[in-house]
Each structure stands twice: as structure tokens, then as C-alpha cells.
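Structure file start11.cif with mmCIF, C-alpha atoms and all ligand atoms:
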```
data_start
#
loop_
_atom_site.label_atom_id
_atom_site.label_comp_id
_atom_site.auth_asym_id
_atom_site.auth_seq_id
_atom_site.Cartn_x
_atom_site.Cartn_y
_atom_site.Cartn_z
CA MET T 1 39.88 -48.81 -23.98
CA ALA T 2 39.57 -52.22 -25.64
CA SER T 3 38.32 -55.45 -24.19
CA TYR T 4 40.40 -58.47 -23.24
CA VAL T 5 38.03 -60.83 -25.07
CA SER T 6 39.96 -63.37 -27.14
CA HIS T 7 37.16 -65.50 -28.59
CA LEU T 8 33.84 -67.22 -27.96
CA GLU T 9 33.79 -70.91 -27.14
CA CYS T 10 31.08 -73.58 -27.38
CA ALA T 11 30.47 -74.70 -23.80
CA PHE T 12 29.88 -78.26 -24.99
CA THR T 13 32.43 -78.97 -27.74
CA GLY T 14 35.03 -76.30 -26.98
CA ARG T 15 34.96 -75.10 -30.60
CA HIS T 16 36.17 -71.51 -31.00
CA TYR T 17 34.23 -68.69 -32.66
CA PRO T 18 35.42 -65.16 -33.44
CA ALA T 19 34.22 -62.63 -30.89
CA ASP T 20 33.40 -59.85 -33.34
CA GLY T 21 29.91 -59.94 -34.81
CA LEU T 22 26.60 -61.17 -33.56
CA HIS T 23 26.32 -64.71 -32.23
CA SER T 24 23.52 -66.72 -30.66
CA ILE T 25 24.29 -70.40 -29.98
CA SER T 26 27.00 -72.74 -31.27
CA ASP T 27 26.68 -75.02 -34.31
CA VAL T 28 25.58 -77.88 -32.01
CA GLY T 29 22.93 -75.67 -30.39
CA LYS T 30 24.74 -75.13 -27.08
CA PRO T 31 25.66 -71.89 -25.24
CA LEU T 32 28.66 -69.83 -26.27
CA LEU T 33 30.94 -68.59 -23.51
CA VAL T 34 33.17 -65.52 -23.68
CA ARG T 35 36.88 -66.23 -23.22
CA TYR T 36 39.49 -63.62 -22.30
CA ASP T 37 43.22 -63.23 -22.69
CA LEU T 38 43.71 -63.56 -18.95
CA SER T 39 47.50 -63.64 -19.08
CA ARG T 40 47.60 -60.23 -20.76
CA LEU T 41 44.85 -58.93 -18.46
CA GLY T 42 46.81 -60.16 -15.43
CA LYS T 43 49.93 -58.30 -16.57
CA GLU T 44 48.12 -55.02 -17.21
CA ILE T 45 45.52 -54.92 -14.43
CA SER T 46 45.86 -55.87 -10.79
CA ARG T 47 43.34 -56.60 -8.09
CA ALA T 48 44.40 -53.33 -6.46
CA ASP T 49 43.41 -51.42 -9.64
CA ILE T 50 39.93 -52.91 -9.32
CA GLU T 51 39.68 -52.01 -5.64
CA ILE T 52 40.27 -48.32 -6.32
CA SER T 53 37.89 -48.16 -9.31
CA SER T 54 35.22 -45.47 -9.07
CA GLU T 55 32.97 -47.01 -11.76
CA PRO T 56 29.37 -47.62 -10.62
CA GLY T 57 28.49 -51.11 -9.38
CA PHE T 58 29.70 -54.05 -11.41
CA TRP T 59 31.27 -51.80 -14.07
CA ARG T 60 34.29 -51.74 -11.75
CA TYR T 61 34.97 -55.22 -13.16
CA SER T 62 35.04 -53.93 -16.76
CA PRO T 63 38.41 -55.53 -17.60
CA LEU T 64 36.67 -58.89 -17.10
CA LEU T 65 33.67 -57.83 -19.20
CA PRO T 66 33.26 -57.82 -22.99
CA VAL T 67 32.23 -54.19 -23.62
CA ALA T 68 35.13 -52.64 -25.56
CA LYS T 69 34.25 -48.94 -25.39
CA SER T 70 32.87 -47.14 -22.36
CA ARG T 71 30.51 -45.14 -24.61
CA ASP T 72 28.67 -48.40 -25.38
CA ARG T 73 28.11 -49.09 -21.70
CA VAL T 74 24.39 -48.88 -20.90
CA SER T 75 23.95 -48.02 -17.25
CA LEU T 76 21.03 -47.10 -15.00
CA GLY T 77 23.10 -46.57 -11.87
CA GLU T 78 23.99 -50.09 -10.77
CA VAL T 79 25.10 -50.59 -7.18
CA ILE T 80 27.22 -53.11 -5.29
CA THR T 81 24.49 -55.15 -3.64
CA PRO T 82 24.83 -55.48 0.13
CA LEU T 83 25.52 -58.60 2.19
CA VAL T 84 22.95 -58.81 5.00
CA ALA T 85 23.69 -61.43 7.66
CA LEU T 86 20.59 -63.03 9.17
CA GLU T 87 20.54 -62.48 12.93
CA ARG T 88 17.03 -62.46 14.40
CA SER T 89 15.63 -64.82 11.78
CA ALA T 90 18.55 -67.30 11.76
CA HIS T 91 16.59 -69.62 14.10
CA LEU T 92 13.93 -70.09 11.40
CA ILE T 93 16.64 -71.77 9.32
CA GLY T 94 18.17 -73.53 12.32
CA ALA T 95 21.41 -71.62 11.69
CA THR T 96 23.84 -69.76 13.92
CA PRO T 97 23.08 -66.01 13.85
CA GLY T 98 25.49 -64.26 11.47
CA LYS T 99 26.52 -67.41 9.59
CA VAL T 100 23.86 -67.17 6.89
CA ILE T 101 24.28 -64.08 4.73
CA VAL T 102 21.86 -62.76 2.12
CA LYS T 103 23.28 -61.08 -0.96
CA ASP T 104 20.41 -58.74 -1.63
CA GLU T 105 20.09 -58.29 -5.37
CA SER T 106 16.80 -56.43 -5.02
CA ARG T 107 18.67 -53.12 -4.91
CA LEU T 108 19.60 -53.21 -8.59
CA PRO T 109 17.76 -51.21 -11.30
CA THR T 110 14.35 -52.82 -12.09
CA GLY T 111 14.49 -54.55 -8.70
CA SER T 112 16.12 -57.79 -9.74
CA PHE T 113 19.49 -59.29 -10.61
CA LYS T 114 18.30 -59.67 -14.21
CA ALA T 115 19.65 -56.11 -14.52
CA ARG T 116 23.20 -57.50 -14.47
CA GLY T 117 22.71 -59.80 -17.44
CA LEU T 118 20.55 -57.49 -19.52
CA ALA T 119 22.83 -54.49 -18.94
CA LEU T 120 25.62 -56.50 -20.56
CA ALA T 121 23.46 -57.98 -23.33
CA VAL T 122 22.09 -54.55 -24.26
CA SER T 123 25.53 -52.90 -24.08
CA MET T 124 26.94 -55.53 -26.44
CA ALA T 125 23.91 -55.14 -28.72
CA LYS T 126 24.67 -51.42 -28.83
CA GLN T 127 28.34 -52.10 -29.56
CA LEU T 128 27.34 -54.47 -32.38
CA GLY T 129 24.76 -52.09 -33.85
CA VAL T 130 21.59 -54.09 -33.07
CA GLU T 131 18.39 -52.01 -33.29
CA HIS T 132 15.72 -54.39 -32.00
CA LEU T 133 15.92 -56.96 -29.19
CA ALA T 134 13.37 -59.57 -28.12
CA VAL T 135 13.08 -61.85 -25.08
CA PRO T 136 10.80 -64.61 -23.79
CA THR T 137 10.40 -64.15 -20.03
CA ASN T 138 8.54 -65.14 -16.87
CA GLY T 139 8.85 -61.52 -15.74
CA ASN T 140 12.07 -59.96 -14.51
CA ALA T 141 14.16 -60.44 -17.64
CA GLY T 142 11.45 -58.59 -19.59
CA SER T 143 11.45 -55.51 -17.42
CA ALA T 144 15.25 -55.43 -17.27
CA LEU T 145 15.50 -55.74 -21.06
CA ALA T 146 12.87 -53.01 -21.52
CA ALA T 147 14.64 -50.62 -19.17
CA TYR T 148 18.15 -51.06 -20.56
CA ALA T 149 16.97 -51.09 -24.17
CA SER T 150 15.04 -47.84 -23.65
CA ARG T 151 18.10 -46.35 -22.02
CA ALA T 152 20.14 -47.34 -25.08
CA GLY T 153 17.56 -46.22 -27.66
CA ILE T 154 17.05 -49.81 -28.84
CA ARG T 155 13.60 -51.32 -29.44
CA ALA T 156 12.52 -54.14 -27.11
CA THR T 157 9.81 -56.75 -27.66
CA VAL T 158 8.85 -58.90 -24.66
CA LEU T 159 6.78 -62.11 -24.83
CA CYS T 160 5.43 -63.50 -21.53
CA PRO T 161 3.27 -66.51 -20.63
CA ASP T 162 -0.21 -65.15 -19.85
CA ASN T 163 0.13 -66.19 -16.18
CA THR T 164 3.17 -63.94 -15.65
CA PRO T 165 2.64 -61.72 -12.57
CA GLU T 166 0.86 -58.54 -13.69
CA ILE T 167 3.38 -56.32 -11.94
CA ASN T 168 6.10 -57.69 -14.25
CA THR T 169 4.17 -57.15 -17.46
CA GLN T 170 3.14 -53.67 -16.30
CA GLU T 171 6.63 -52.57 -15.28
CA THR T 172 7.90 -53.85 -18.63
CA GLU T 173 5.34 -51.73 -20.54
CA ALA T 174 6.08 -48.75 -18.30
CA GLN T 175 9.78 -48.93 -19.13
CA GLY T 176 9.19 -48.94 -22.86
CA GLY T 177 8.99 -52.65 -23.67
CA ASP T 178 6.47 -53.72 -26.32
CA THR T 179 4.81 -56.45 -24.21
CA HIS T 180 2.65 -59.39 -25.34
CA LEU T 181 0.96 -62.22 -23.40
CA VAL T 182 1.15 -65.71 -24.88
CA ASN T 183 -1.19 -68.59 -23.96
CA GLY T 184 1.70 -70.95 -23.28
CA LEU T 185 4.95 -71.40 -21.39
CA ILE T 186 8.24 -69.56 -21.70
CA GLY T 187 9.42 -72.12 -24.27
CA ASP T 188 6.44 -71.27 -26.49
CA CYS T 189 7.34 -67.58 -26.25
CA GLY T 190 10.93 -68.43 -27.20
CA LYS T 191 9.76 -70.36 -30.26
CA ILE T 192 7.65 -67.45 -31.53
CA ILE T 193 10.68 -65.17 -31.17
CA ALA T 194 13.06 -67.62 -32.89
CA ASP T 195 10.60 -68.15 -35.75
CA GLY T 196 10.12 -64.40 -36.21
CA SER T 197 13.77 -63.40 -36.40
CA ASP T 198 13.87 -63.30 -40.21
CA ASP T 199 10.52 -61.51 -40.57
CA VAL T 200 10.98 -58.85 -37.89
CA GLY T 201 14.76 -58.65 -37.73
CA TRP T 202 15.00 -58.67 -33.97
CA PHE T 203 17.84 -60.33 -32.07
CA ALA T 204 16.83 -62.74 -29.29
CA VAL T 205 18.43 -62.35 -25.88
CA SER T 206 16.90 -65.53 -24.40
CA THR T 207 18.76 -67.09 -21.46
CA LEU T 208 22.09 -68.56 -22.66
CA LYS T 209 21.07 -68.16 -26.31
CA GLU T 210 23.49 -65.26 -26.60
CA PRO T 211 26.89 -65.07 -24.87
CA TYR T 212 26.67 -61.86 -22.85
CA ARG T 213 23.92 -62.14 -20.22
CA ILE T 214 26.06 -64.71 -18.42
CA GLU T 215 28.95 -62.22 -18.35
CA GLY T 216 26.70 -59.82 -16.47
CA LYS T 217 25.55 -62.49 -14.04
CA LYS T 218 29.18 -63.49 -13.55
CA THR T 219 29.74 -60.20 -11.75
CA MET T 220 27.81 -61.58 -8.74
CA GLY T 221 30.74 -63.92 -8.16
CA ILE T 222 33.46 -61.27 -8.56
CA GLU T 223 31.53 -58.81 -6.42
CA LEU T 224 31.03 -61.41 -3.69
CA ALA T 225 34.75 -62.21 -3.71
CA GLU T 226 35.74 -58.55 -3.41
CA GLN T 227 33.15 -57.93 -0.68
CA MET T 228 34.54 -60.86 1.32
CA ASP T 229 38.09 -59.54 0.98
CA TRP T 230 38.91 -61.94 -1.87
CA ARG T 231 37.73 -64.98 0.02
CA LEU T 232 34.56 -66.92 -0.63
CA PRO T 233 31.86 -68.52 1.51
CA ASP T 234 31.75 -72.28 2.16
CA VAL T 235 28.38 -72.71 0.46
CA ILE T 236 26.28 -70.72 -2.02
CA PHE T 237 22.54 -71.41 -2.36
CA TYR T 238 21.23 -70.19 -5.70
CA PRO T 239 17.60 -70.19 -6.93
CA THR T 240 18.01 -71.96 -10.24
CA GLY T 241 15.85 -71.40 -13.32
CA GLY T 242 17.97 -71.17 -16.47
CA GLY T 243 20.99 -71.28 -14.18
CA THR T 244 22.80 -68.29 -15.70
CA GLY T 245 23.84 -66.95 -12.31
CA LEU T 246 25.17 -70.24 -11.00
CA ILE T 247 27.08 -70.96 -14.21
CA GLY T 248 28.27 -67.35 -14.35
CA MET T 249 29.58 -67.32 -10.79
CA TRP T 250 31.39 -70.61 -11.34
CA LYS T 251 32.97 -69.12 -14.48
CA ALA T 252 33.96 -66.01 -12.51
CA PHE T 253 35.67 -68.08 -9.81
CA ALA T 254 37.69 -69.96 -12.47
CA GLU T 255 38.78 -66.67 -14.03
CA LEU T 256 39.73 -65.18 -10.65
CA ILE T 257 41.82 -68.27 -9.83
CA GLU T 258 43.56 -68.13 -13.20
CA LEU T 259 44.35 -64.47 -12.57
CA GLY T 260 45.66 -65.32 -9.11
CA TRP T 261 43.18 -62.86 -7.56
CA ILE T 262 41.78 -65.56 -5.25
CA ASP T 263 43.44 -68.69 -3.91
CA CYS T 264 40.85 -69.85 -1.38
CA GLU T 265 38.75 -72.99 -1.53
CA LEU T 266 35.79 -72.59 -3.84
CA PRO T 267 32.27 -72.66 -2.42
CA ARG T 268 29.98 -75.66 -2.77
CA MET T 269 27.33 -74.57 -5.27
CA VAL T 270 23.76 -75.56 -4.41
CA ALA T 271 21.04 -75.37 -7.09
CA VAL T 272 17.69 -74.66 -5.42
CA GLN T 273 14.40 -75.35 -7.21
CA SER T 274 10.73 -75.67 -6.31
CA THR T 275 9.16 -79.13 -5.95
CA GLY T 276 6.69 -77.91 -8.61
CA CYS T 277 9.49 -77.49 -11.17
CA ALA T 278 12.70 -79.35 -10.33
CA PRO T 279 14.30 -80.71 -13.52
CA ILE T 280 17.84 -80.01 -12.33
CA VAL T 281 17.24 -81.69 -8.96
CA LYS T 282 15.85 -84.77 -10.71
CA ALA T 283 18.85 -84.93 -13.05
CA TRP T 284 21.30 -84.44 -10.19
CA GLU T 285 19.68 -87.18 -8.13
CA GLY T 286 19.72 -89.52 -11.13
CA GLY T 287 23.35 -88.76 -11.97
CA ALA T 288 22.36 -87.54 -15.46
CA GLU T 289 24.40 -85.17 -17.62
CA PHE T 290 21.32 -83.39 -18.99
CA ALA T 291 17.91 -82.65 -17.47
CA GLU T 292 14.57 -83.82 -18.84
CA PHE T 293 11.72 -81.41 -19.63
CA TRP T 294 9.57 -80.91 -16.50
CA GLU T 295 5.88 -81.40 -17.34
CA ASN T 296 3.21 -79.13 -15.79
CA ALA T 297 5.68 -76.78 -14.12
CA GLU T 298 3.93 -74.95 -11.28
CA THR T 299 5.32 -72.67 -8.57
CA ASP T 300 4.67 -69.18 -7.21
CA ALA T 301 8.43 -68.55 -7.51
CA SER T 302 8.01 -67.60 -11.16
CA GLY T 303 11.72 -66.82 -11.71
CA ILE T 304 12.55 -70.49 -11.22
CA ARG T 305 9.58 -71.87 -13.18
CA VAL T 306 11.83 -73.05 -16.02
CA PRO T 307 10.99 -76.58 -17.23
CA ALA T 308 13.98 -76.89 -19.58
CA ALA T 309 17.33 -75.10 -19.34
CA LEU T 310 19.73 -74.90 -22.30
CA GLY T 311 22.62 -74.77 -19.83
CA ASP T 312 21.44 -77.80 -17.81
CA PHE T 313 24.75 -79.64 -18.28
CA LEU T 314 26.69 -76.57 -17.16
CA ILE T 315 24.60 -76.20 -14.00
CA LEU T 316 25.02 -79.89 -13.20
CA ARG T 317 28.75 -79.72 -13.91
CA ALA T 318 29.27 -76.73 -11.59
CA VAL T 319 27.21 -78.38 -8.84
CA ARG T 320 29.22 -81.63 -9.11
CA ASP T 321 32.67 -80.06 -9.58
CA SER T 322 32.10 -77.87 -6.54
CA GLY T 323 30.97 -80.74 -4.31
CA GLY T 324 27.55 -79.13 -4.03
CA PHE T 325 24.08 -80.56 -4.53
CA ALA T 326 20.64 -79.77 -5.95
CA ILE T 327 17.61 -79.57 -3.70
CA SER T 328 13.94 -78.65 -4.01
CA VAL T 329 11.51 -77.05 -1.55
CA SER T 330 7.74 -76.65 -1.61
CA ASP T 331 5.86 -73.40 -2.15
CA ASP T 332 4.56 -73.71 1.45
CA GLU T 333 8.12 -73.74 2.79
CA ILE T 334 8.94 -70.79 0.51
CA HIS T 335 5.98 -68.71 1.72
CA ARG T 336 6.80 -69.45 5.37
CA MET T 337 10.33 -68.11 4.83
CA VAL T 338 9.13 -64.96 3.04
CA GLU T 339 6.83 -64.25 5.97
CA GLY T 340 9.26 -65.22 8.73
CA ILE T 341 12.35 -63.38 7.46
CA GLY T 342 10.24 -60.33 6.57
CA ARG T 343 8.57 -60.09 9.97
CA GLN T 344 11.52 -61.07 12.13
CA GLU T 345 14.45 -59.55 10.26
CA GLY T 346 12.85 -56.70 8.30
CA LEU T 347 14.21 -58.14 5.09
CA LEU T 348 11.58 -58.69 2.40
CA MET T 349 12.64 -61.67 0.30
CA CYS T 350 11.21 -62.65 -3.06
CA PRO T 351 9.89 -66.25 -3.23
CA GLU T 352 12.96 -67.34 -5.23
CA GLY T 353 15.29 -65.89 -2.57
CA ALA T 354 13.17 -67.40 0.20
CA ALA T 355 13.52 -70.78 -1.53
CA THR T 356 17.27 -70.63 -0.84
CA ALA T 357 16.57 -70.00 2.85
CA ALA T 358 14.14 -72.92 2.97
CA ALA T 359 16.70 -75.13 1.20
CA CYS T 360 19.41 -74.05 3.66
CA LYS T 361 17.15 -75.16 6.53
CA VAL T 362 16.62 -78.60 4.97
CA ALA T 363 20.35 -78.93 4.21
CA LEU T 364 21.24 -78.18 7.85
CA GLU T 365 18.62 -80.67 9.09
CA ARG T 366 19.95 -83.39 6.81
CA GLY T 367 23.58 -82.64 7.67
CA LEU T 368 24.38 -81.74 4.04
CA ILE T 369 26.05 -78.60 5.36
CA GLY T 370 27.45 -77.79 8.81
CA MET T 371 26.54 -75.20 11.46
CA ASP T 372 30.02 -73.66 11.12
CA ASP T 373 29.73 -73.16 7.38
CA THR T 374 29.52 -69.61 6.10
CA VAL T 375 26.55 -69.62 3.75
CA VAL T 376 25.47 -67.07 1.14
CA LEU T 377 21.87 -67.01 -0.10
CA PHE T 378 20.88 -65.01 -3.17
CA ASN T 379 17.79 -62.83 -2.86
CA THR T 380 17.38 -62.33 -6.58
CA ALA T 381 14.55 -59.76 -6.69
CA THR T 382 12.59 -57.39 -4.52
CA GLY T 383 9.72 -58.89 -2.54
CA LEU T 384 7.70 -55.79 -3.47
CA LYS T 385 6.92 -57.38 -6.86
CA TYR T 386 4.97 -60.25 -5.27
CA PRO T 387 1.68 -60.51 -3.34
CA MET T 388 1.94 -59.20 0.21
CA PRO T 389 -0.31 -59.65 3.25
CA GLU T 390 -3.56 -57.66 3.35
CA VAL T 391 -3.97 -55.11 6.13
CA THR T 392 -7.35 -55.83 7.71
CA SER T 393 -7.40 -53.75 10.89
CA SER T 394 -8.96 -50.30 10.67
CA ILE T 395 -9.51 -47.61 13.26
CA ASP T 396 -12.45 -45.20 13.49
CA LYS T 397 -10.99 -41.86 14.57
CA ASP T 398 -14.43 -40.64 15.68
CA ALA T 399 -15.16 -43.57 17.98
CA GLU T 400 -13.52 -44.32 21.31
CA ILE T 401 -10.12 -45.91 20.58
CA ASP T 402 -9.56 -49.33 22.13
CA TYR T 403 -5.86 -49.15 22.99
CA GLN T 404 -5.86 -52.84 23.97
CA ILE T 405 -5.47 -53.73 20.27
CA PHE T 406 -1.95 -52.25 20.20
CA GLY T 407 -0.74 -54.33 23.15
C1 LIG T 501 15.40 -65.31 -13.50
C2 LIG T 501 15.27 -65.43 -12.03
C3 LIG T 501 15.86 -66.48 -11.31
C4 LIG T 501 16.62 -67.59 -12.00
O1 LIG T 501 17.82 -67.12 -12.52
P1 LIG T 501 18.74 -67.99 -13.47
O2 LIG T 501 20.09 -67.42 -13.31
O3 LIG T 501 18.22 -67.87 -14.85
O4 LIG T 501 18.67 -69.41 -12.98
C5 LIG T 501 15.75 -66.48 -9.93
N1 LIG T 501 15.06 -65.52 -9.28
C6 LIG T 501 14.46 -64.50 -9.93
C7 LIG T 501 13.72 -63.49 -9.14
C8 LIG T 501 14.54 -64.42 -11.32
O5 LIG T 501 13.95 -63.40 -11.95
#
```
Entire entry expressed as C-alpha cells:
Amino acid sequence: MASYVSHLECAFTGRHYPADGLHSISDVGKPLLVRYDLSRLGKEISRADIEISSEPGFWRYSPLLPVAKSRDRVSLGEVITPLVALERSAHLIGATPGKVIVKDESRLPTGSFKARGLALAVSMAKQLGVEHLAVPTNGNAGSALAAYASRAGIRATVLCPDNTPEINTQETEAQGGDTHLVNGLIGDCGKIIADGSDDVGWFAVSTLKEPYRIEGKKTMGIELAEQMDWRLPDVIFYPTGGGTGLIGMWKAFAELIELGWIDCELPRMVAVQSTGCAPIVKAWEGGAEFAEFWENAETDASGIRVPAALGDFLILRAVRDSGGFAISVSDDEIHRMVEGIGRQEGLLMCPEGAATAAACKVALERGLIGMDDTVVLFNTATGLKYPMPEVTSSIDKDAEIDYQIFG
């Protein structure tokens, strides 16, 4: 088995780079994207071959992934994540029951969709002989790196802002990541890692600063297409931090079209952020090509607390080219959705996923999308990693039970 990778390409200038060897960013400091020989792939592999694949989870899309040898594949038992249509909680969004569908990424190893990207980054690191990886993270990327690196026998160092949720730093430690808290933001963590590369010899797998995490995130788009019988929804709401998933899905759709595996209209891509950290929304509203650094970023949805994204222009491009939009919601709206969808539907969303539900509600109210649109929301992590309501009622088994309280 070999890969269909032809070369790497600077996402900004289009300059080509050879695909063998270790690469971070392009000579102008922009992300590198993996390109494939799609005409050869299309001749040798068909959509039907993919459909009968028995590989676990997204590894069924291996022909569209960069790992050349199956022995370099690092897997922890990935699954195809389910599509759960909102029925009983649709009214909270003001939507028709069944029209808003949650792609529930919480079922992946380490409880978040970061598993997709880090599985690919670690597999490629293994293929390229890297022995030590490092990542700056607000939480989920750290635990996913730790888990996959341990699985591969590669060392992992994880630097987190000191306000990262404790559950994330603890799960990272527990899965073998050497974890450190930094009194700063994710950018400060990234700088320490970049500055230490020569001294320590680690390779940084920061968001979009190496070409392979996006290839993992891309599988969300292929998987969604296959699950929907090679059609796509009208609108996708995506909780946007670094934007890897949104950019990755948009890349996947382009590849599927070129292969002739889909020929439907493409979804409108909606970048969802928190009002406490909305650089992409601000840039979209201002018609800018790049986003400005967001000062004093603050939101409980820590996965989207990203004040500056290296792929800002790619996010904005995908949003515009798709006829989508960028929209922000408050933490209050986010918490109301976590609570409402959990209690009424039995589906525990993470705050980032709940932000997409809150944004969908606003978009329906403002007429940005229609009641007949089929909408997919991404629930990017398990709600079990975040604070949950306290249970305050207790019962004394030795006293007389007041059954009225159960009424
Ligand atoms: C990282 C993360 C995001 C943002 O993902 P990007 O693709 O980098 O924009 C959203 N939600 C959760 C739970 C995350 O961990």
C-alpha cells in the first residue's frame, strides 16, 4: 500500500513542496495542505470500494489520507460518529423536529474530534520517524496527542494555559502526556514550543502548523457525505477555533467533487464563535481577508477560545465561497442550550457544540437560514468533560419518605 499524495502546497501562495520529509509551515509562514493524485486515485478506487471497507472509523477513507503503510497507522478504535436528529428539543432552536441533526463527535477516543487530527498527525510522525511531539492546547488536542503518541510509543509534551479545565490536563497526564501549565494564553504556549525545538528536538503539532491534522479533520466531511448517501446538508454549523475542521471539510468536499463521488450542491458553511472571542466573525462582518488578534479572549467554550488563527483566511474563504456566514453567541445562550438539549433530548452537548445550536436558533430568527433547510451541527466533544449541575436533593432512608417530591 502506498499513498496517493503528490505534494504539499502552500495554502496562500500555491507553492509546491515535496511530500517526503518533515514539514511545518510554508516559507511565507502559512499552512501547508496535502495534495493527492486524484485522477490516479479515481481510476484505481471507487466509491463502492470505500462503502465495503471494513477498516475502523475514518480509516475506511485511507486512499484519501496521507499514511502510506498500514503498519504506521496509529489507532485507538475510531468509530463512525452517529447523526442524531433533534426531535424533542428542536423547539428550543425554533426548528422543525428532525431537520436539525447533530453529528456527535463525542464518541471518538479521548471524547473529542481532536482524535481525528491527532491520529493522523501521530501516524505521519511515526511514518517519518519522529520521536518526540509537542503541542500548545486549550485542552482536547493535548489529551488526543497524549493518547495517540503513547499508543505509538512516541513522547508527547503538552503545554496548556493555566486556566485550562482541570479534567483536560488530568486526562492528558493520565494518557502519558508530559503536561505543563503556562501563565499565559495558547499563543504563549506555542511560542515556548517553537523556541524550544532546537534545544529539545521535539516536533510541534500546533493547529495548521503541520499539514496532517487537517487531513484527519477532513474525514468529518467525507464521513458525513457517506452517511447521507453521498449527499450533503444545506447548512453546516461549526464551532470555530483554529478552524481546522471547517477548512478540512471544505477541502474534503472539493476532493469528493473532483473524484466525482458527490455532485450535489455544497453546504453553506457557518463559522460559530463566542461573543467573548469572535475574531473570525469580526473579520467576516468587516469583509476582511485576515482576522485581527482578539484581545482578552474569554468564554467557557474553551475549544473555541482562540484569539488568532493561522488559517483565518482559509476559514473566511470557505465561509464566503460556500455562501455561508460567521456568527457569535453569548456564553449564556450556550449554557441554556447545553441544559435544554441535555434535559429534553438526552443528548449531552459540550459548550462548543451547544454554541452551534444557539447560533442555529439566531440564524432561523434572522432568516439567515430557512425552516426547510437540513442543518448539521457539530458536537465536537463530550459534555462529560465540562461542569455539570449539582445534585442537591437527598433522601433519608430511615425517615418517613415524602413521595410528593417525586410527583
Ligand atoms: C478544538 C476544538 C474546537 C475548535 O476546532 P477547530 O477545528 O480548531 O476550529 C471546537 N470544539 C472543541 C470541543 C474543541 O476541542
Residues near segment 377-379 of chain T, cut-off 10 Å, only C-alpha atoms, skip fewer than 3 positions along chain, as an MDAnalysis selection string: chainID T and resid 83:85 100:107 112:113 220 235:239 245 270 347:357 359:360 382:383
Taking 4 positions as the minimum chain separation for residues in the same chain, which residues sit within 8 Å of segment 46-59 of chain T when counting all atoms listed in the file? Answer as a ChimeraX atom specification. /T:42,77-80,116,219,223,226,261
Write the selection just made, keeping C-alpha atoms, as an mmCIF file, in the coordinates of the input?
```cif
data_model
loop_
_atom_site.group_PDB
_atom_site.id
_atom_site.type_symbol
_atom_site.label_atom_id
_atom_site.label_comp_id
_atom_site.auth_asym_id
_atom_site.auth_seq_id
_atom_site.Cartn_x
_atom_site.Cartn_y
_atom_site.Cartn_z
ATOM 1 C CA GLY T 42 46.810 -60.160 -15.430
ATOM 2 C CA GLY T 77 23.100 -46.570 -11.870
ATOM 3 C CA GLU T 78 23.990 -50.090 -10.770
ATOM 4 C CA VAL T 79 25.100 -50.590 -7.180
ATOM 5 C CA ILE T 80 27.220 -53.110 -5.290
ATOM 6 C CA ARG T 116 23.200 -57.500 -14.470
ATOM 7 C CA THR T 219 29.740 -60.200 -11.750
ATOM 8 C CA GLU T 223 31.530 -58.810 -6.420
ATOM 9 C CA GLU T 226 35.740 -58.550 -3.410
ATOM 10 C CA TRP T 261 43.180 -62.860 -7.560
#
```
For Leu364 of chain T, the closest of T:Pro63, T:Gly94, T:Pro31, T:Pro389 counting all atoms listed in the file is T:Gly94
Neighbours of Ala115 of chain T within 10 Å (only C-alpha atoms; same-chain residues fewer than 2 positions away dropped), as a ChimeraX atom specification? /T:75-76,78,105-106,108-113,117-121,140-145,147-148,213,216-217
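Distances from T:Gly201, T:Gly276, T:Pro82, T:Gly243 to ligand LIG 501 (chain T) were compared using all atoms listed in the file, and the smallest one belongs to T:Gly243.
The space between atom CA of Ser26 of chain T and atom C6 of ligand LIG 501 (chain T) spans 26.1 Å.
The spacing separating atom CA of Ser274 of chain T from atom C3 of ligand LIG 501 (chain T) amounts to 11.7 Å.
The space separating atom CA of Val74 of chain T from atom CA of Leu22 of chain T comes to 17.8 Å.
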